[in-house]
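*Asks:* Have a peek at run.cif (mmCIF, C-alpha atoms).
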```cif
data_target
#
loop_
_atom_site.label_atom_id
_atom_site.label_comp_id
_atom_site.auth_asym_id
_atom_site.auth_seq_id
_atom_site.Cartn_x
_atom_site.Cartn_y
_atom_site.Cartn_z
CA MET A 8 1.31 1.38 -10.85
CA SER A 9 2.23 4.99 -10.13
CA LEU A 10 -0.65 7.38 -9.51
CA LEU A 11 1.03 10.29 -11.30
CA ASN A 12 3.60 10.11 -14.08
CA VAL A 13 5.29 13.21 -15.49
CA GLU A 14 7.30 12.46 -18.63
CA ASN A 15 9.65 14.81 -20.51
CA LEU A 16 7.53 17.80 -19.60
CA LYS A 17 8.39 21.09 -21.26
CA LYS A 18 6.77 24.51 -21.23
CA THR A 19 7.90 27.43 -23.35
CA TYR A 20 6.28 30.84 -23.23
CA ILE A 21 6.53 33.05 -26.31
CA PRO A 22 5.87 36.76 -25.60
CA ARG A 23 2.87 38.07 -27.50
CA PHE A 24 4.62 41.25 -28.60
CA GLY A 25 8.01 39.84 -29.43
CA GLY A 26 11.08 39.22 -27.31
CA SER A 27 12.92 36.12 -26.24
CA LYS A 28 11.01 32.95 -25.45
CA VAL A 29 11.06 31.71 -21.87
CA GLU A 30 11.63 28.03 -21.08
CA ALA A 31 9.79 27.61 -17.79
CA LEU A 32 10.11 23.82 -17.86
CA LYS A 33 12.82 22.11 -19.88
CA ASP A 34 12.61 18.38 -19.19
CA VAL A 35 10.75 17.37 -16.04
CA ASN A 36 10.41 13.70 -15.15
CA PHE A 37 9.09 12.12 -11.95
CA SER A 38 6.38 9.83 -10.65
CA VAL A 39 4.20 9.80 -7.55
CA GLU A 40 3.04 6.60 -5.89
CA PRO A 41 -0.42 6.26 -4.30
CA GLY A 42 -0.33 7.56 -0.72
CA GLU A 43 2.87 9.60 -1.08
CA PHE A 44 3.32 13.07 0.39
CA ILE A 45 5.70 15.02 -1.83
CA ALA A 46 7.00 18.56 -1.49
CA ILE A 47 8.32 20.56 -4.44
CA MET A 48 10.82 23.31 -3.74
CA GLY A 49 12.86 25.74 -5.79
CA GLU A 50 13.81 29.38 -6.10
CA SER A 51 11.38 31.89 -7.56
CA GLY A 52 11.32 31.43 -11.32
CA SER A 53 12.48 27.82 -11.13
CA GLY A 54 9.29 26.53 -12.79
CA LYS A 55 7.48 24.96 -9.85
CA THR A 56 4.33 27.09 -10.20
CA THR A 57 4.20 26.36 -13.93
CA LEU A 58 4.52 22.66 -13.12
CA LEU A 59 1.70 22.84 -10.60
CA ASN A 60 -0.56 24.63 -13.09
CA ILE A 61 0.03 21.92 -15.68
CA LEU A 62 -0.68 19.15 -13.16
CA ALA A 63 -3.88 21.00 -12.26
CA THR A 64 -4.87 21.11 -15.97
CA LEU A 65 -4.89 24.92 -15.77
CA ASP A 66 -2.12 25.15 -18.36
CA ASN A 67 -0.95 22.96 -21.24
CA PRO A 68 2.62 21.74 -21.72
CA THR A 69 4.56 22.58 -24.85
CA ALA A 70 5.76 18.97 -24.96
CA GLY A 71 5.68 15.88 -22.78
CA GLN A 72 2.95 13.93 -21.03
CA VAL A 73 1.22 13.84 -17.65
CA TYR A 74 -0.74 10.76 -16.59
CA LEU A 75 -3.03 10.68 -13.56
CA ASN A 76 -4.26 7.22 -12.66
CA GLY A 77 -3.50 6.17 -16.24
CA GLN A 78 -5.36 9.08 -17.84
CA ASN A 79 -3.34 11.22 -20.22
CA LEU A 80 -4.20 14.78 -19.23
CA ASN A 81 -3.34 16.05 -22.72
CA GLU A 82 -6.17 13.97 -24.16
CA ILE A 83 -8.93 15.45 -22.01
CA LYS A 84 -11.15 17.74 -24.05
CA SER A 85 -11.36 21.34 -22.88
CA LYS A 86 -15.09 21.12 -22.13
CA GLN A 87 -14.42 18.16 -19.79
CA LEU A 88 -11.53 19.71 -17.85
CA SER A 89 -13.58 21.36 -15.12
CA ASP A 90 -15.38 18.09 -14.39
CA PHE A 91 -12.07 16.23 -14.39
CA ARG A 92 -10.53 18.67 -11.90
CA ARG A 93 -13.58 18.53 -9.64
CA ASP A 94 -13.73 14.73 -9.55
CA ASN A 95 -10.04 13.83 -9.44
CA LEU A 96 -8.11 16.70 -7.89
CA GLY A 97 -8.36 18.60 -4.63
CA PHE A 98 -6.87 22.09 -4.29
CA VAL A 99 -5.52 23.95 -1.27
CA PHE A 100 -4.35 27.51 -1.96
CA GLN A 101 -2.31 30.02 0.03
CA ASP A 102 -5.19 32.52 0.08
CA PHE A 103 -7.88 29.87 0.80
CA ASN A 104 -10.15 30.80 -2.16
CA LEU A 105 -13.31 30.63 -0.07
CA LEU A 106 -16.51 32.45 -1.01
CA ASP A 107 -17.35 35.01 1.68
CA THR A 108 -21.04 35.02 0.77
CA PHE A 109 -21.25 31.26 1.43
CA THR A 110 -21.19 29.66 4.85
CA VAL A 111 -18.37 27.29 5.74
CA GLU A 112 -20.78 24.43 5.11
CA ASP A 113 -21.72 25.70 1.65
CA ASN A 114 -18.08 26.28 0.72
CA ILE A 115 -17.22 22.69 1.57
CA LEU A 116 -20.25 21.27 -0.22
CA LEU A 117 -19.81 23.31 -3.41
CA PRO A 118 -17.91 20.61 -5.39
CA LEU A 119 -20.61 18.06 -4.57
CA VAL A 120 -23.38 20.48 -5.50
CA LEU A 121 -21.71 21.07 -8.86
CA ARG A 122 -21.48 17.31 -9.29
CA GLY A 123 -25.21 16.98 -8.67
CA GLU A 124 -25.05 14.65 -5.68
CA LYS A 125 -28.12 13.93 -3.58
CA TYR A 126 -28.60 15.99 -0.42
CA ASN A 127 -28.40 13.02 1.98
CA GLN A 128 -25.13 11.86 0.43
CA MET A 129 -23.67 15.33 0.70
CA ARG A 130 -24.66 15.67 4.36
CA GLU A 131 -23.07 12.34 5.21
CA LYS A 132 -19.79 13.31 3.55
CA LEU A 133 -19.88 16.76 5.15
CA LEU A 134 -20.30 15.31 8.62
CA ASP A 135 -17.47 12.84 8.07
CA VAL A 136 -14.93 15.36 6.79
CA SER A 137 -15.85 18.14 9.22
CA LEU A 138 -15.43 15.81 12.21
CA LYS A 139 -12.08 14.55 10.92
CA LEU A 140 -10.79 18.09 10.54
CA GLY A 141 -12.28 19.44 13.76
CA ILE A 142 -14.45 22.12 12.15
CA ASN A 143 -17.92 20.75 12.87
CA ASP A 144 -18.72 23.74 15.08
CA LEU A 145 -17.83 26.21 12.30
CA LEU A 146 -20.23 24.99 9.61
CA LYS A 147 -22.82 27.77 10.02
CA LYS A 148 -20.23 30.55 10.19
CA TYR A 149 -18.96 32.60 7.26
CA PRO A 150 -15.27 32.68 6.23
CA TYR A 151 -14.82 36.23 7.52
CA GLU A 152 -15.91 35.04 10.97
CA VAL A 153 -13.15 32.45 11.41
CA SER A 154 -9.35 32.58 11.77
CA GLY A 155 -6.81 31.99 9.01
CA GLY A 156 -5.98 28.54 10.34
CA GLN A 157 -9.67 27.63 10.43
CA LYS A 158 -10.15 28.93 6.89
CA GLN A 159 -7.38 26.65 5.69
CA ARG A 160 -9.02 23.68 7.41
CA VAL A 161 -12.21 24.55 5.56
CA ALA A 162 -10.23 24.65 2.31
CA VAL A 163 -8.75 21.23 3.09
CA ALA A 164 -12.24 19.89 3.83
CA ARG A 165 -13.48 21.18 0.47
CA ALA A 166 -10.51 19.50 -1.22
CA LEU A 167 -11.12 16.18 0.55
CA ILE A 168 -14.88 15.88 0.26
CA THR A 169 -14.77 14.62 -3.34
CA ASN A 170 -12.32 11.86 -2.35
CA PRO A 171 -9.75 13.00 -4.94
CA TYR A 172 -6.87 10.93 -6.24
CA LEU A 173 -4.48 13.79 -5.57
CA ILE A 174 -4.42 16.95 -3.49
CA LEU A 175 -2.39 19.82 -4.97
CA ALA A 176 -1.34 22.36 -2.35
CA ASP A 177 0.16 25.70 -3.38
CA GLU A 178 2.05 27.36 -0.50
CA PRO A 179 -0.65 26.20 1.97
CA THR A 180 1.10 27.70 5.01
CA GLY A 181 2.06 30.97 3.30
CA ALA A 182 -0.73 33.06 4.87
CA LEU A 183 -0.70 31.40 8.29
CA ASP A 184 1.00 32.21 11.56
CA SER A 185 3.42 29.72 13.11
CA LYS A 186 0.85 27.95 15.29
CA SER A 187 -1.70 27.62 12.49
CA SER A 188 1.03 26.42 10.11
CA ASP A 189 2.04 23.68 12.54
CA GLU A 190 -1.58 22.61 12.93
CA LEU A 191 -2.12 22.48 9.16
CA LEU A 192 1.05 20.46 8.60
CA ASP A 193 0.00 18.00 11.31
CA LEU A 194 -3.35 17.76 9.55
CA PHE A 195 -1.67 17.03 6.23
CA SER A 196 0.36 14.29 7.90
CA LYS A 197 -2.75 12.73 9.38
CA ILE A 198 -4.73 12.68 6.13
CA ASN A 199 -1.66 11.32 4.35
CA GLU A 200 -1.43 8.53 6.90
CA ILE A 201 -4.92 7.36 5.96
CA GLY A 202 -3.90 7.13 2.30
CA GLN A 203 -4.41 10.57 0.75
CA THR A 204 -1.77 11.46 -1.86
CA ILE A 205 -0.49 15.04 -1.53
CA LEU A 206 1.74 17.14 -3.77
CA MET A 207 2.73 20.42 -2.16
CA VAL A 208 4.64 23.38 -3.60
CA THR A 209 6.29 25.35 -0.82
CA HIS A 210 9.10 27.74 0.07
CA SER A 211 8.93 26.62 3.70
CA VAL A 212 11.64 24.22 4.81
CA LYS A 213 9.53 23.35 7.83
CA ALA A 214 6.55 22.44 5.66
CA ALA A 215 8.69 20.39 3.28
CA SER A 216 10.24 18.47 6.18
CA LYS A 217 6.82 16.89 6.81
CA ALA A 218 6.84 15.26 3.37
CA GLN A 219 8.06 11.78 2.52
CA ARG A 220 10.03 13.05 -0.46
CA VAL A 221 11.25 16.48 -1.56
CA LEU A 222 11.84 17.38 -5.21
CA PHE A 223 13.99 20.39 -6.04
CA ILE A 224 13.29 22.27 -9.28
CA LYS A 225 16.10 24.33 -10.80
CA ASP A 226 16.14 25.96 -14.22
CA GLY A 227 13.07 24.05 -15.33
CA LYS A 228 14.29 20.57 -14.35
CA VAL A 229 14.15 18.26 -11.35
CA PHE A 230 17.64 18.95 -10.05
CA HIS A 231 17.68 16.79 -6.93
CA GLN A 232 15.44 14.82 -4.59
CA ILE A 233 15.59 13.70 -0.97
CA HIS A 234 13.75 10.71 0.46
CA LYS A 235 12.78 10.99 4.11
CA GLY A 236 13.03 7.28 4.83
CA ASN A 237 13.77 6.78 8.52
CA ASN A 238 14.94 10.36 9.01
CA SER A 239 13.14 12.54 11.53
CA ASP A 240 11.50 15.83 10.58
CA HIS A 241 14.54 17.56 12.07
CA ASP A 242 17.01 15.50 10.03
CA LEU A 243 15.05 16.12 6.83
CA TYR A 244 14.87 19.84 7.68
CA GLN A 245 18.66 19.97 7.85
CA LYS A 246 19.09 18.08 4.56
CA ILE A 247 16.65 20.40 2.81
CA SER A 248 18.41 23.47 4.21
CA ASP A 249 21.80 22.18 3.03
CA THR A 250 20.43 21.53 -0.46
CA LEU A 251 18.89 25.01 -0.70
CA VAL A 252 22.20 26.58 0.36
CA MET A 253 23.96 24.58 -2.35
CA LEU A 254 21.41 25.70 -4.95
CA SER A 255 21.80 29.32 -3.88
CA LYS A 256 25.60 29.16 -4.14
CA GLU A 257 25.40 27.62 -7.60
CA SER A 258 23.08 30.42 -8.72
CA GLU A 259 25.45 33.05 -7.32
CA ASN A 260 28.42 31.47 -9.10
CA ALA A 261 26.50 31.33 -12.37
CA ASN A 262 25.52 35.00 -12.07
CA GLN A 263 29.13 35.99 -11.36
CA LEU A 264 30.29 34.19 -14.50
CA LEU A 265 27.68 36.02 -16.57
CA SER A 266 28.47 39.44 -15.10
#
```
Go ahead and render the structure in this file as structure tokens.

*Replies:*
Amino acid sequence: MSLLNVENLKKTYIPRFGGSKVEALKDVNFSVEPGEFIAIMGESGSGKTTLLNILATLDNPTAGQVYLNGQNLNEIKSKQLSDFRRDNLGFVFQDFNLLDTFTVEDNILLPLVLRGEKYNQMREKLLDVSLKLGINDLLKKYPYEVSGGQKQRVAVARALITNPYLILADEPTGALDSKSSDELLDLFSKINEIGQTILMVTHSVKAASKAQRVLFIKDGKVFHQIHKGNNSDHDLYQKISDTLVMLSKESENANQLLS
């Protein structure tokens, strides 16, 4: 059974003070299998951020359904959403979203504290995840005392410590230099290899080339997808680049017809 099923998803925004409605998502359909690493790409305004917000239960669709591990997200009551997100989803953001007044250790443990876990259980999980991610020596530091790449590792540790079904990553390499980006992508590959399912929104062709499958969103729909299969990162990089060029040309042609 698929871990995530997105069926006929639509999202329409109606301006509060009048004006034309905006169809951010028109008819999105796809599924994610347990253990997959999927990248979502598309031009600005294509609907990928709206899609991610709906998958994260931060926004509601106008129509359609999303199922995570068989649970219909539309049926979760609003007062239960925060608990659902904490227990089932892990989040990695471009700007890290760490609390500067908390140590690295406290930032990582926060989801478990909110869940009310016992101290000994939390310490055991903290040790396990911090060793896996190579940040054990940073635990007593504060976020402002570590590098951008280290901050993102802390964010990944916080996302992993609850053992979520799915990690949602929003432009995770966007605020990192080239070396830190490479290290983070290698880290994603390693945690995916041990079974963690990852769904990543990115503009970076290099980041997307690490995924097993790339979905392209255009005009609120899944326009195209590429399976990595036996292709190397380099081969997938080239296929992604070619697809993005094709999408760009189609947009230019459409704009010329409208002008």

*Asks:* Which protein, DNA or RNA residues have an atom at most 6 Å from (-14.3, 19.9, -7.3), counting all atoms listed in the file? List them as a VMD selection string.

*Replies:* chain A and resid 93 to 94 118

*Asks:* Could the residues of segment 174-205 of chain A that have an atom at most 12 Å from segment 53-62 of chain A be listed as a Markdown table, each with its closest atom pair and the distance in Å to one decimal, counting all atoms listed in the file and ordered by chain and ascending residue number?

*Replies:*
```
| residue | atom | partner | partner_atom | distance |
| --- | --- | --- | --- | --- |
| A:Ile174 | CA | A:Leu62 | CA | 10.6 |
| A:Leu175 | CA | A:Leu59 | CA | 7.6 |
| A:Ala176 | CA | A:Leu59 | CA | 8.8 |
| A:Asp177 | CA | A:Leu59 | CA | 7.9 |
| A:Glu178 | CA | A:Thr56 | CA | 10.0 |
```

*Asks:* Could you tell me, as a list in words, which residues have any atom at most 8 Å from (13.8, 19.2, -18.2), counting only C-alpha atoms?

*Replies:*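 Checked against the point, the hits come out as Asn15, Leu16, Lys17, Leu32, Lys33, Asp34, Val35, Asn36, Gly227, Lys228 and Val229 of chain A.
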
*Asks:* From the list A:Glu82, A:Asp193, A:Asp240, A:Glu14, which residue is nearest Ala215 of chain A when using only C-alpha atoms?

*Replies:*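 Ranking A:Glu82, A:Asp193, A:Asp240, A:Glu14 by distance to Ala215 of chain A, first place goes to A:Asp240.
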
*Asks:* Figure out the distance between atom CA of Asn12 of chain A and atom CA of Tyr74 of chain A, please, to one decimal in Å.

*Replies:* 5.1 Å

*Asks:* For atom CA of Leu183 of chain A and atom CA of Asp107 of chain A, quote the distance in Å rounded to one decimal.

*Replies:*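 Separation between atom CA of Leu183 of chain A and atom CA of Asp107 of chain A: 18.3 Å.
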
*Asks:* Atom CA of Gln159 of chain A and atom CA of Gln78 of chain A are how many Å apart?

*Replies:*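 These two atoms are separated by 29.4 Å.
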
*Asks:* Counting all atoms listed in the file, figure out which residue out of A:Ala162, A:Leu65, A:Leu251, A:Ala70 gets nearest to Leu106 of chain A.

*Replies:*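 Selected residue with least distance to Leu106 of chain A: A:Ala162.
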
*Asks:* Rank nothing, just name the residue among A:Gln128, A:Ala218, A:Phe98, A:Glu152 nearest to Leu167 of chain A, using only C-alpha atoms.

*Replies:*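 Under the stated criterion, the closest residue is A:Phe98.
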